[in-house]
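Shown here: work.tsv, TSV, C-alpha atoms.
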```tsv
chain	number	residue	atom	x	y	z
A	14	MET	CA	-16.31	1.75	-12.56
A	15	ILE	CA	-14.53	2.03	-15.87
A	16	GLU	CA	-17.34	2.88	-18.23
A	17	ASN	CA	-15.52	5.25	-20.48
A	18	PRO	CA	-12.85	3.62	-22.57
A	19	GLU	CA	-12.30	6.83	-24.55
A	20	ASN	CA	-9.25	8.94	-24.02
A	21	ASN	CA	-11.13	12.10	-23.13
A	22	PHE	CA	-10.53	12.22	-19.43
A	23	SER	CA	-8.70	14.96	-17.62
A	24	PRO	CA	-5.26	14.73	-15.95
A	25	GLN	CA	-7.02	15.11	-12.59
A	26	GLN	CA	-9.16	12.09	-13.39
A	27	SER	CA	-6.03	10.25	-14.49
A	28	LEU	CA	-4.32	10.88	-11.18
A	29	GLN	CA	-7.45	9.90	-9.27
A	30	LEU	CA	-7.65	6.67	-11.23
A	31	ILE	CA	-3.98	5.86	-10.55
A	32	GLU	CA	-4.43	6.59	-6.86
A	33	SER	CA	-7.56	4.51	-6.52
A	34	MET	CA	-6.01	1.55	-8.34
A	35	ILE	CA	-2.84	1.67	-6.23
A	36	ASN	CA	-5.03	1.67	-3.12
A	37	ARG	CA	-7.02	-1.26	-4.42
A	38	ALA	CA	-3.89	-3.22	-5.19
A	39	LYS	CA	-2.72	-2.86	-1.60
A	40	ASP	CA	-3.68	-6.25	-0.51
A	41	LYS	CA	-5.79	-6.80	2.51
A	42	TYR	CA	-3.86	-8.44	5.28
A	43	ALA	CA	-2.87	-11.64	3.54
A	44	GLU	CA	-1.26	-13.03	6.67
A	45	ASP	CA	-3.65	-14.80	9.00
A	46	GLY	CA	-0.97	-15.68	11.56
A	47	PHE	CA	-1.55	-19.42	11.19
A	48	MET	CA	2.08	-20.33	10.59
A	49	TYR	CA	3.26	-18.13	13.47
A	50	LEU	CA	0.87	-19.90	15.82
A	51	LEU	CA	1.68	-23.37	14.55
A	52	TRP	CA	5.45	-22.90	14.84
A	53	GLY	CA	5.20	-20.74	17.95
A	54	TRP	CA	3.26	-23.37	19.91
A	55	LEU	CA	5.34	-26.23	18.50
A	56	VAL	CA	8.69	-24.69	19.48
A	57	PHE	CA	7.16	-23.56	22.78
A	58	ALA	CA	6.03	-27.11	23.60
A	59	CYS	CA	9.27	-28.71	22.38
A	60	SER	CA	11.49	-26.41	24.40
A	61	ILE	CA	9.42	-26.88	27.58
A	62	MET	CA	9.50	-30.64	27.08
A	63	GLN	CA	13.22	-30.55	26.47
A	64	PHE	CA	13.66	-28.59	29.70
A	65	VAL	CA	11.57	-31.13	31.64
A	66	LEU	CA	13.46	-34.10	30.14
A	67	LEU	CA	16.79	-32.48	30.87
A	68	HIS	CA	16.17	-30.87	34.23
A	69	VAL	CA	13.62	-33.14	35.89
A	70	PHE	CA	14.45	-36.54	34.40
A	71	GLY	CA	18.08	-35.96	33.45
A	72	TYR	CA	17.43	-37.72	30.15
A	73	THR	CA	20.52	-37.79	27.90
A	74	TYR	CA	18.68	-37.59	24.59
A	75	HIS	CA	16.49	-34.65	25.59
A	76	TYR	CA	16.90	-33.06	22.16
A	77	ILE	CA	14.88	-35.88	20.60
A	78	VAL	CA	11.73	-33.75	21.07
A	79	TRP	CA	12.82	-31.65	18.08
A	80	LEU	CA	12.02	-34.52	15.75
A	81	ALA	CA	8.43	-33.27	16.03
A	82	THR	CA	9.39	-30.40	13.73
A	83	ILE	CA	9.87	-32.72	10.74
A	84	PRO	CA	6.17	-33.52	10.08
A	85	VAL	CA	5.36	-29.84	10.62
A	86	PHE	CA	7.93	-28.89	7.97
A	87	ILE	CA	6.25	-31.27	5.55
A	88	TYR	CA	2.82	-29.90	6.40
A	89	GLN	CA	4.10	-26.35	5.92
A	90	ALA	CA	5.36	-27.12	2.41
A	91	TYR	CA	1.87	-28.39	1.54
A	92	TYR	CA	0.16	-25.41	3.21
A	93	VAL	CA	2.33	-22.83	1.41
A	94	LYS	CA	1.70	-24.50	-1.93
A	95	LYS	CA	-2.06	-24.45	-1.33
A	96	LYS	CA	-1.96	-20.82	-0.26
A	97	ARG	CA	0.03	-19.83	-3.37
A	98	ARG	CA	-2.64	-21.39	-5.55
A	99	ARG	CA	-5.35	-19.24	-3.99
A	100	GLN	CA	-3.32	-16.06	-4.23
A	101	LYS	CA	-4.23	-14.03	-7.31
A	102	ALA	CA	-1.54	-11.39	-7.03
A	103	VAL	CA	1.93	-11.44	-5.53
A	104	THR	CA	3.04	-8.22	-3.87
A	105	TYR	CA	6.65	-7.18	-3.42
A	106	ALA	CA	6.15	-7.49	0.35
A	107	ASP	CA	4.99	-11.13	0.00
A	108	SER	CA	8.01	-11.92	-2.07
A	109	ILE	CA	10.50	-10.24	0.30
A	110	ILE	CA	8.95	-11.94	3.35
A	111	SER	CA	9.07	-15.39	1.83
A	112	TYR	CA	12.77	-14.94	1.01
A	113	VAL	CA	13.48	-13.70	4.54
A	114	TRP	CA	11.94	-16.90	5.97
A	115	ILE	CA	13.69	-19.11	3.44
A	116	THR	CA	17.01	-17.49	4.45
A	117	PHE	CA	16.12	-18.06	8.10
A	118	ALA	CA	15.31	-21.74	7.48
A	119	ILE	CA	18.60	-22.23	5.60
A	120	VAL	CA	20.63	-20.51	8.34
A	121	ILE	CA	19.01	-22.66	11.06
A	122	PHE	CA	19.54	-25.78	8.97
A	123	LEU	CA	23.23	-24.96	8.37
A	124	LEU	CA	23.75	-24.15	12.03
A	125	CYS	CA	22.53	-27.60	13.03
A	126	PHE	CA	25.58	-28.96	11.22
A	127	LEU	CA	28.05	-26.18	11.86
A	128	VAL	CA	27.55	-25.32	15.48
A	129	GLY	CA	29.03	-28.62	16.73
A	130	PRO	CA	32.37	-28.47	14.88
A	131	LEU	CA	32.61	-24.67	15.30
A	132	THR	CA	32.34	-24.79	19.07
A	133	SER	CA	34.39	-27.99	19.41
A	134	GLY	CA	31.67	-30.08	21.01
A	135	GLU	CA	30.66	-27.46	23.55
A	136	TYR	CA	27.79	-26.40	21.35
A	137	TYR	CA	25.10	-26.91	23.99
A	138	THR	CA	26.45	-24.06	26.06
A	139	HIS	CA	25.97	-21.62	23.17
A	140	ILE	CA	22.98	-22.95	21.27
A	141	VAL	CA	20.29	-20.96	23.09
A	142	HIS	CA	22.06	-17.61	22.62
A	143	ILE	CA	22.68	-18.31	18.95
A	144	LEU	CA	19.10	-19.46	18.30
A	145	LEU	CA	17.61	-16.44	20.03
A	146	ALA	CA	19.80	-14.06	18.04
A	147	ILE	CA	18.66	-15.69	14.80
A	148	TYR	CA	14.96	-16.05	15.75
A	149	GLY	CA	14.69	-12.31	16.09
A	150	MET	CA	15.78	-11.61	12.51
A	151	PRO	CA	12.85	-12.87	10.37
A	152	VAL	CA	10.28	-11.68	12.89
A	153	PHE	CA	11.74	-8.18	13.03
A	154	LEU	CA	12.08	-7.92	9.25
A	155	THR	CA	8.55	-9.21	8.59
A	156	GLY	CA	7.21	-6.68	11.09
A	157	VAL	CA	9.04	-3.86	9.31
A	158	VAL	CA	7.89	-4.95	5.84
A	159	ILE	CA	4.20	-5.39	6.73
A	160	LYS	CA	4.31	-2.48	9.20
A	161	PHE	CA	3.04	-4.59	12.07
A	162	LYS	CA	4.47	-3.41	15.38
A	163	PRO	CA	3.87	-6.55	17.53
A	164	LEU	CA	6.25	-8.45	15.22
A	165	ILE	CA	8.86	-5.68	15.42
A	166	TYR	CA	8.68	-5.76	19.23
A	167	GLY	CA	8.71	-9.57	19.12
A	168	GLY	CA	11.95	-9.53	17.13
A	169	ILE	CA	13.52	-7.08	19.58
A	170	ALA	CA	12.29	-9.24	22.48
A	171	CYS	CA	14.25	-12.19	21.04
A	172	TRP	CA	17.42	-10.12	21.04
A	173	VAL	CA	16.81	-8.87	24.58
A	174	LEU	CA	16.29	-12.48	25.70
A	175	CYS	CA	19.47	-13.41	23.84
A	176	ILE	CA	21.42	-10.93	25.98
A	177	LEU	CA	19.59	-12.00	29.17
A	178	SER	CA	20.34	-15.67	28.48
A	179	THR	CA	24.07	-14.96	28.66
A	180	PHE	CA	23.60	-13.99	32.33
A	181	ILE	CA	21.92	-17.30	33.14
A	182	LYS	CA	24.77	-19.46	34.30
A	183	VAL	CA	22.85	-22.72	34.78
A	184	TYR	CA	22.62	-24.19	31.31
A	185	ASP	CA	19.24	-25.94	31.90
A	186	TYR	CA	17.49	-22.69	32.68
A	187	GLN	CA	18.76	-21.05	29.51
A	188	PHE	CA	16.29	-23.27	27.67
A	189	LEU	CA	13.42	-21.40	29.30
A	190	CYS	CA	14.36	-18.32	27.28
A	191	VAL	CA	13.22	-20.13	24.12
A	192	PRO	CA	9.53	-20.54	25.14
A	193	ALA	CA	9.58	-16.95	26.40
A	194	ALA	CA	10.87	-15.83	22.98
A	195	MET	CA	8.17	-17.89	21.26
A	196	LEU	CA	5.47	-16.17	23.29
A	197	ALA	CA	6.81	-12.70	22.57
A	198	ALA	CA	7.78	-13.14	18.94
A	199	TRP	CA	5.46	-15.72	17.41
A	200	ILE	CA	2.50	-16.65	19.61
A	201	ILE	CA	1.31	-13.20	20.77
A	202	PRO	CA	1.91	-11.51	17.36
A	203	GLY	CA	0.31	-14.59	15.75
A	204	TYR	CA	-2.94	-14.07	17.68
A	205	LEU	CA	-2.85	-10.33	16.96
A	206	LEU	CA	-2.32	-11.00	13.25
A	207	ARG	CA	-5.22	-13.43	13.27
A	208	ALA	CA	-7.48	-10.87	14.98
A	209	LYS	CA	-6.48	-8.23	12.42
A	210	TYR	CA	-7.05	-10.64	9.53
A	211	LYS	CA	-10.51	-11.58	10.79
A	212	SER	CA	-11.55	-7.99	11.50
A	213	GLN	CA	-10.95	-6.73	7.95
B	24	MET	CA	-0.98	19.93	-23.70
B	25	PHE	CA	-2.47	16.46	-23.98
B	26	LYS	CA	-0.34	15.57	-26.95
B	27	ASP	CA	2.57	14.75	-24.63
B	28	LEU	CA	0.58	12.11	-22.81
B	29	ASP	CA	1.41	8.58	-23.90
B	30	PRO	CA	-1.64	7.40	-25.89
B	31	ILE	CA	-1.09	3.82	-24.79
B	32	LEU	CA	-1.45	4.84	-21.14
B	33	HIS	CA	-4.02	7.59	-21.59
B	34	SER	CA	-6.93	5.20	-21.69
B	35	GLN	CA	-8.88	4.41	-18.54
B	36	LEU	CA	-8.69	0.65	-18.50
B	37	ARG	CA	-5.07	0.44	-19.67
B	38	LEU	CA	-4.05	3.04	-17.09
B	39	ALA	CA	-5.94	1.14	-14.40
B	40	VAL	CA	-4.15	-2.10	-15.32
B	41	MET	CA	-0.77	-0.38	-15.31
B	42	SER	CA	-1.47	1.26	-11.92
B	43	LEU	CA	-2.33	-2.15	-10.46
B	44	LEU	CA	0.71	-3.81	-11.97
B	45	ILE	CA	3.05	-1.11	-10.74
B	46	SER	CA	1.86	-1.83	-7.20
B	47	VAL	CA	2.34	-5.60	-7.20
B	48	LYS	CA	5.04	-7.94	-8.42
B	49	GLN	CA	2.65	-9.92	-10.58
B	50	ALA	CA	-1.09	-10.38	-10.89
B	51	GLU	CA	-3.46	-12.87	-12.43
B	52	PHE	CA	-5.99	-11.91	-15.08
B	53	THR	CA	-8.87	-12.53	-12.64
B	54	PHE	CA	-7.29	-10.14	-10.11
B	55	LEU	CA	-7.08	-7.37	-12.75
B	56	LYS	CA	-10.63	-8.06	-13.89
B	57	GLU	CA	-11.97	-7.92	-10.35
B	58	LYS	CA	-10.11	-4.73	-9.37
B	59	THR	CA	-10.97	-2.83	-12.55
B	60	ASN	CA	-14.56	-4.07	-12.78
B	61	SER	CA	-14.09	-4.69	-16.45
B	62	THR	CA	-15.33	-7.37	-18.81
B	63	ALA	CA	-13.01	-10.22	-19.76
B	64	GLY	CA	-13.22	-9.31	-23.45
B	65	ASN	CA	-12.32	-5.66	-23.05
B	66	LEU	CA	-9.58	-6.45	-20.55
B	67	SER	CA	-8.02	-9.03	-22.90
B	68	VAL	CA	-7.89	-6.48	-25.73
B	69	GLN	CA	-6.28	-3.82	-23.53
B	70	ILE	CA	-3.78	-6.28	-22.07
B	71	GLN	CA	-2.82	-7.31	-25.59
B	72	LYS	CA	-2.20	-3.64	-26.50
B	73	LEU	CA	-0.02	-3.14	-23.42
B	74	LYS	CA	1.87	-6.30	-24.29
B	75	GLU	CA	2.42	-5.18	-27.88
B	76	ALA	CA	3.80	-1.89	-26.58
B	77	GLY	CA	6.24	-3.90	-24.44
B	78	TYR	CA	4.86	-2.40	-21.22
B	79	ILE	CA	3.82	-5.69	-19.70
B	80	GLU	CA	4.81	-9.30	-19.86
B	81	VAL	CA	2.04	-11.87	-20.18
B	82	ILE	CA	2.65	-15.40	-18.94
B	83	LYS	CA	0.18	-18.07	-19.91
B	84	GLU	CA	0.33	-21.32	-18.00
B	85	PHE	CA	-1.84	-24.02	-16.51
B	86	LYS	CA	-3.00	-23.95	-12.92
B	87	ASP	CA	-4.98	-26.95	-11.71
B	88	ASN	CA	-5.58	-27.96	-15.34
B	89	TYR	CA	-7.09	-24.58	-16.24
B	90	PRO	CA	-5.36	-21.96	-18.37
B	91	ASN	CA	-4.16	-19.10	-16.23
B	92	THR	CA	-2.78	-15.74	-17.37
B	93	THR	CA	-0.38	-13.76	-15.21
B	94	CYS	CA	0.77	-10.23	-15.98
B	95	LYS	CA	3.90	-8.41	-14.89
B	96	ILE	CA	5.04	-4.88	-15.62
B	97	THR	CA	8.31	-4.57	-17.60
B	98	ALA	CA	11.16	-2.08	-17.11
B	99	LYS	CA	9.92	-0.27	-20.23
B	100	GLY	CA	6.42	-0.18	-18.73
B	101	ILE	CA	7.69	1.31	-15.45
B	102	LYS	CA	9.59	4.00	-17.37
B	103	ALA	CA	6.54	4.84	-19.49
B	104	PHE	CA	4.33	4.99	-16.39
B	105	GLU	CA	6.76	7.34	-14.64
B	106	GLU	CA	6.96	9.57	-17.70
B	107	TYR	CA	3.17	9.64	-17.89
B	108	VAL	CA	2.81	10.65	-14.23
B	109	LYS	CA	5.51	13.32	-14.72
B	110	SER	CA	3.59	14.76	-17.68
B	111	LEU	CA	0.40	14.81	-15.62
B	112	GLN	CA	2.16	16.64	-12.80
B	113	GLN	CA	3.61	19.16	-15.22
B	114	TYR	CA	0.21	19.76	-16.73
B	115	LEU	CA	-1.37	20.30	-13.31
B	116	GLN	CA	1.41	22.68	-12.24
B	117	VAL	CA	1.00	24.77	-15.40
B	118	LYS	CA	-2.71	24.91	-14.75
B	119	LYS	CA	-2.15	26.21	-11.19
```
Step by step, read the file and then write its structure as structure tokens.
Amino acid sequence: MIENPENNFSPQQSLQLIESMINRAKDKYAEDGFMYLLWGWLVFACSIMQFVLLHVFGYTYHYIVWLATIPVFIYQAYYVKKKRRRQKAVTYADSIISYVWITFAIVIFLLCFLVGPLTSGEYYTHIVHILLAIYGMPVFLTGVVIKFKPLIYGGIACWVLCILSTFIKVYDYQFLCVPAAMLAAWIIPGYLLRAKYKSQ
Amino acid sequence: MFKDLDPILHSQLRLAVMSLLISVKQAEFTFLKEKTNSTAGNLSVQIQKLKEAGYIEVIKEFKDNYPNTTCKITAKGIKAFEEYVKSLQQYLQVKK
């Protein structure tokens, strides 16, 4: 397209060139939804299993199911590294989103240590509300940055579920808000993102 | 009227590169080559000129054992680009 390296082009052509390049730089949907689906289904399965262990079997160490997240964390580190290698340009949106998720991961990680001492051992009665409030944040922000409404609604759904969970008095049933949040915030938007990615 | 236009930017390929770099945080040489449909030789020369003007930063590193060049616009480059667009707008307004 750029055949004429000379400087004899008009201001109109200049503006057209700038516009067309800016449009070309707008990356196609780089997000294929894979990570949303992987984590969405994992957390969905873990929270259902935890509910079954707790409610049906009355198993004391019901939280052990969350150990399944460790290999997925390791796999994710590998996946992100591989994806970075393929990526030829980094947009500002990519960069903001990755920092939002890093912040989210750090906050969750810190909470694992802090929530116990902070709530003087009664942490299990608050954990679901706190998690739901935090889950909504990266999903909502990613939705805003990439202008993808299902993620925005998903983030809001987490916060609505957070409020709803405070009305559920039986602690066991509060856990069921987590798989519901996963469906609304990660799994459904994940499939929609994948469909959008494939259709472009 | 044209004399106000920055000669470094008023060149099709250099302007194309700057427009791409203003839109992204950083881009690899192959990305710029693909989007501008230019030859590697010509693109290298123009990138060098933009670098000498201080409009872009060029990072050369190895990726999977192959040399890889990444370009980033600098603060000076952003300012020059904005000035250039302002001049274009002024020119078009005068013409109206």
query = Taking all atoms listed in the file into account, which residues of chain A are within 6 Å of chain B, as an MDAnalysis selection string?
reply = chainID A and resid 18 20 24 31 34:35 38 101:105
request  = Figure out the distance between CA of Ile119 (chain A) and CA of Arg97 (chain A), please, to one decimal in Å.
outcome  =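 These two atoms are separated by 20.8 Å.
If you measure from each of B:Val68, B:Lys83, B:Val117, B:Leu73 to Ile96 (chain B) using only C-alpha atoms, the closest one turns out to be B:Leu73.
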task = Check the smallest atom-to-atom distance from each of B:Gly64, B:Gln116, B:Tyr78, B:Asp27 to Ala98 (chain B) using all atoms listed in the file, then report the winner.
result =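 Among the listed residues, the smallest separation from Ala98 (chain B) belongs to B:Tyr78.
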message = Within 12 Å of (-4.1, -6.7, 9.2) (file coordinates; only C-alpha atoms), which protein or nucleic acid residues are there? I'd like them as a list in words.
response = Lys39, Asp40, Lys41, Tyr42, Ala43, Glu44, Asp45, Gly46, Gly156, Ile159, Lys160, Phe161, Lys162, Pro163, Pro202, Gly203, Tyr204, Leu205, Leu206, Arg207, Ala208, Lys209, Tyr210, Lys211, Ser212 and Gln213 of chain A
inquiry  = Nearest residue to Leu164 (chain A) out of A:Phe22, A:Val152, A:Leu196, A:Thr116, using only C-alpha atoms?
reply    = A:Val152
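Relative to CA of Ser111 (chain A), CA of Val158 (chain A) is found at 11.2 Å.
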Non-local contacts of Phe188 (chain A) (9 Å; all atoms listed in the file; under 4 positions in same chain excluded) as a JSON list (two decimals) with C-alpha atoms, keeping the file's coordinate frame:
```
[["chain", "number", "residue", "atom", "x", "y", "z"],
["A", 60, "SER", "CA", 11.49, -26.41, 24.40],
["A", 61, "ILE", "CA", 9.42, -26.88, 27.58],
["A", 63, "GLN", "CA", 13.22, -30.55, 26.47],
["A", 64, "PHE", "CA", 13.66, -28.59, 29.70],
["A", 141, "VAL", "CA", 20.29, -20.96, 23.09],
["A", 178, "SER", "CA", 20.34, -15.67, 28.48],
["A", 184, "TYR", "CA", 22.62, -24.19, 31.31],
["A", 192, "PRO", "CA", 9.53, -20.54, 25.14]]
```
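If all atoms listed in the file are the atoms counted, then among A:Ala58, A:Leu28, A:Ala106, A:Leu66 the closest residue to Val157 (chain A) is A:Ala106.
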ask   = So how far away is CA of Cys171 (chain A) from CA of Phe153 (chain A), in Å?
value =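 These two atoms are separated by 9.3 Å.
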inquiry  = Using only C-alpha atoms, which protein or nucleic acid residues come within 9 Å of Met150 (chain A)? Drop anything in the same chain fewer than 3 positions from it, and give the result as a list in words.
reply    = Val113, Phe117, Ala146, Ile147, Phe153, Leu154, Thr155, Gly168, Ile169, Cys171 and Trp172 of chain A
Those selected residues, please, written with C-alpha atoms and delivered as a JSON list (two decimals), in the frame of the given file.
```json
[["chain", "number", "residue", "atom", "x", "y", "z"],
["A", 113, "VAL", "CA", 13.48, -13.70, 4.54],
["A", 117, "PHE", "CA", 16.12, -18.06, 8.10],
["A", 146, "ALA", "CA", 19.80, -14.06, 18.04],
["A", 147, "ILE", "CA", 18.66, -15.69, 14.80],
["A", 153, "PHE", "CA", 11.74, -8.18, 13.03],
["A", 154, "LEU", "CA", 12.08, -7.92, 9.25],
["A", 155, "THR", "CA", 8.55, -9.21, 8.59],
["A", 168, "GLY", "CA", 11.95, -9.53, 17.13],
["A", 169, "ILE", "CA", 13.52, -7.08, 19.58],
["A", 171, "CYS", "CA", 14.25, -12.19, 21.04],
["A", 172, "TRP", "CA", 17.42, -10.12, 21.04]]
```
Place N, CA and C atoms on region 87-119 of chain B and deliver the coordinates as a PDB file, keeping the file's coordinate frame.
```pdb
ATOM      1  N   ASP B  87      -3.934 -25.953 -11.977  1.00  0.00           N
ATOM      2  CA  ASP B  87      -4.980 -26.950 -11.710  1.00  0.00           C
ATOM      3  C   ASP B  87      -5.731 -27.345 -12.982  1.00  0.00           C
ATOM      4  N   ASN B  88      -5.014 -27.559 -14.035  1.00  0.00           N
ATOM      5  CA  ASN B  88      -5.580 -27.960 -15.340  1.00  0.00           C
ATOM      6  C   ASN B  88      -6.395 -26.882 -16.050  1.00  0.00           C
ATOM      7  N   TYR B  89      -6.394 -25.658 -15.554  1.00  0.00           N
ATOM      8  CA  TYR B  89      -7.090 -24.580 -16.240  1.00  0.00           C
ATOM      9  C   TYR B  89      -6.072 -23.558 -16.721  1.00  0.00           C
ATOM     10  N   PRO B  90      -6.318 -22.974 -17.914  1.00  0.00           N
ATOM     11  CA  PRO B  90      -5.360 -21.960 -18.370  1.00  0.00           C
ATOM     12  C   PRO B  90      -5.405 -20.740 -17.442  1.00  0.00           C
ATOM     13  N   ASN B  91      -4.246 -20.205 -17.173  1.00  0.00           N
ATOM     14  CA  ASN B  91      -4.160 -19.100 -16.230  1.00  0.00           C
ATOM     15  C   ASN B  91      -3.186 -18.055 -16.793  1.00  0.00           C
ATOM     16  N   THR B  92      -3.620 -16.803 -16.823  1.00  0.00           N
ATOM     17  CA  THR B  92      -2.780 -15.740 -17.370  1.00  0.00           C
ATOM     18  C   THR B  92      -2.274 -14.854 -16.232  1.00  0.00           C
ATOM     19  N   THR B  93      -0.981 -14.633 -16.221  1.00  0.00           N
ATOM     20  CA  THR B  93      -0.380 -13.760 -15.210  1.00  0.00           C
ATOM     21  C   THR B  93       0.309 -12.597 -15.913  1.00  0.00           C
ATOM     22  N   CYS B  94       0.146 -11.406 -15.369  1.00  0.00           N
ATOM     23  CA  CYS B  94       0.770 -10.230 -15.980  1.00  0.00           C
ATOM     24  C   CYS B  94       1.777  -9.602 -15.026  1.00  0.00           C
ATOM     25  N   LYS B  95       2.815  -9.034 -15.642  1.00  0.00           N
ATOM     26  CA  LYS B  95       3.900  -8.410 -14.890  1.00  0.00           C
ATOM     27  C   LYS B  95       4.301  -7.153 -15.640  1.00  0.00           C
ATOM     28  N   ILE B  96       4.600  -6.092 -14.934  1.00  0.00           N
ATOM     29  CA  ILE B  96       5.040  -4.880 -15.620  1.00  0.00           C
ATOM     30  C   ILE B  96       6.519  -5.050 -16.016  1.00  0.00           C
ATOM     31  N   THR B  97       6.909  -4.469 -17.168  1.00  0.00           N
ATOM     32  CA  THR B  97       8.310  -4.570 -17.600  1.00  0.00           C
ATOM     33  C   THR B  97       9.049  -3.278 -17.231  1.00  0.00           C
ATOM     34  N   ALA B  98      10.358  -3.278 -17.398  1.00  0.00           N
ATOM     35  CA  ALA B  98      11.160  -2.080 -17.110  1.00  0.00           C
ATOM     36  C   ALA B  98      10.693  -0.929 -18.023  1.00  0.00           C
ATOM     37  N   LYS B  99      10.396  -1.277 -19.281  1.00  0.00           N
ATOM     38  CA  LYS B  99       9.920  -0.270 -20.230  1.00  0.00           C
ATOM     39  C   LYS B  99       8.572   0.306 -19.757  1.00  0.00           C
ATOM     40  N   GLY B 100       7.725  -0.591 -19.234  1.00  0.00           N
ATOM     41  CA  GLY B 100       6.420  -0.180 -18.730  1.00  0.00           C
ATOM     42  C   GLY B 100       6.544   0.767 -17.534  1.00  0.00           C
ATOM     43  N   ILE B 101       7.488   0.466 -16.641  1.00  0.00           N
ATOM     44  CA  ILE B 101       7.690   1.310 -15.450  1.00  0.00           C
ATOM     45  C   ILE B 101       8.147   2.702 -15.901  1.00  0.00           C
ATOM     46  N   LYS B 102       9.053   2.723 -16.873  1.00  0.00           N
ATOM     47  CA  LYS B 102       9.590   4.000 -17.370  1.00  0.00           C
ATOM     48  C   LYS B 102       8.447   4.820 -17.997  1.00  0.00           C
ATOM     49  N   ALA B 103       7.641   4.151 -18.814  1.00  0.00           N
ATOM     50  CA  ALA B 103       6.540   4.840 -19.490  1.00  0.00           C
ATOM     51  C   ALA B 103       5.544   5.382 -18.470  1.00  0.00           C
ATOM     52  N   PHE B 104       5.278   4.586 -17.433  1.00  0.00           N
ATOM     53  CA  PHE B 104       4.330   4.990 -16.390  1.00  0.00           C
ATOM     54  C   PHE B 104       4.863   6.224 -15.654  1.00  0.00           C
ATOM     55  N   GLU B 105       6.152   6.199 -15.346  1.00  0.00           N
ATOM     56  CA  GLU B 105       6.760   7.340 -14.640  1.00  0.00           C
ATOM     57  C   GLU B 105       6.721   8.607 -15.489  1.00  0.00           C
ATOM     58  N   GLU B 106       7.010   8.429 -16.772  1.00  0.00           N
ATOM     59  CA  GLU B 106       6.960   9.570 -17.700  1.00  0.00           C
ATOM     60  C   GLU B 106       5.540  10.143 -17.760  1.00  0.00           C
ATOM     61  N   TYR B 107       4.577   9.234 -17.802  1.00  0.00           N
ATOM     62  CA  TYR B 107       3.170   9.640 -17.890  1.00  0.00           C
ATOM     63  C   TYR B 107       2.772  10.447 -16.657  1.00  0.00           C
ATOM     64  N   VAL B 108       3.156   9.940 -15.478  1.00  0.00           N
ATOM     65  CA  VAL B 108       2.810  10.650 -14.230  1.00  0.00           C
ATOM     66  C   VAL B 108       3.512  12.011 -14.200  1.00  0.00           C
ATOM     67  N   LYS B 109       4.762  12.058 -14.687  1.00  0.00           N
ATOM     68  CA  LYS B 109       5.510  13.320 -14.720  1.00  0.00           C
ATOM     69  C   LYS B 109       4.779  14.325 -15.613  1.00  0.00           C
ATOM     70  N   SER B 110       4.317  13.867 -16.764  1.00  0.00           N
ATOM     71  CA  SER B 110       3.590  14.760 -17.680  1.00  0.00           C
ATOM     72  C   SER B 110       2.321  15.276 -17.020  1.00  0.00           C
ATOM     73  N   LEU B 111       1.635  14.400 -16.308  1.00  0.00           N
ATOM     74  CA  LEU B 111       0.400  14.810 -15.620  1.00  0.00           C
ATOM     75  C   LEU B 111       0.711  15.893 -14.590  1.00  0.00           C
ATOM     76  N   GLN B 112       1.772  15.673 -13.841  1.00  0.00           N
ATOM     77  CA  GLN B 112       2.160  16.640 -12.800  1.00  0.00           C
ATOM     78  C   GLN B 112       2.506  17.988 -13.432  1.00  0.00           C
ATOM     79  N   GLN B 113       3.238  17.923 -14.527  1.00  0.00           N
ATOM     80  CA  GLN B 113       3.610  19.160 -15.220  1.00  0.00           C
ATOM     81  C   GLN B 113       2.365  19.901 -15.679  1.00  0.00           C
ATOM     82  N   TYR B 114       1.448  19.169 -16.235  1.00  0.00           N
ATOM     83  CA  TYR B 114       0.210  19.760 -16.730  1.00  0.00           C
ATOM     84  C   TYR B 114      -0.539  20.445 -15.585  1.00  0.00           C
ATOM     85  N   LEU B 115      -0.624  19.753 -14.457  1.00  0.00           N
ATOM     86  CA  LEU B 115      -1.370  20.300 -13.310  1.00  0.00           C
ATOM     87  C   LEU B 115      -0.667  21.514 -12.720  1.00  0.00           C
ATOM     88  N   GLN B 116       0.655  21.515 -12.745  1.00  0.00           N
ATOM     89  CA  GLN B 116       1.410  22.680 -12.240  1.00  0.00           C
ATOM     90  C   GLN B 116       1.195  23.879 -13.127  1.00  0.00           C
ATOM     91  N   VAL B 117       1.208  23.677 -14.442  1.00  0.00           N
ATOM     92  CA  VAL B 117       1.000  24.770 -15.400  1.00  0.00           C
ATOM     93  C   VAL B 117      -0.380  25.371 -15.181  1.00  0.00           C
ATOM     94  N   LYS B 118      -1.320  24.488 -14.919  1.00  0.00           N
ATOM     95  CA  LYS B 118      -2.710  24.910 -14.750  1.00  0.00           C
ATOM     96  C   LYS B 118      -2.868  25.787 -13.497  1.00  0.00           C
ATOM     97  N   LYS B 119      -2.099  25.452 -12.433  1.00  0.00           N
ATOM     98  CA  LYS B 119      -2.150  26.210 -11.190  1.00  0.00           C
ATOM     99  C   LYS B 119      -1.679  27.623 -11.463  1.00  0.00           C
TER     100      LYS B 119
END
```
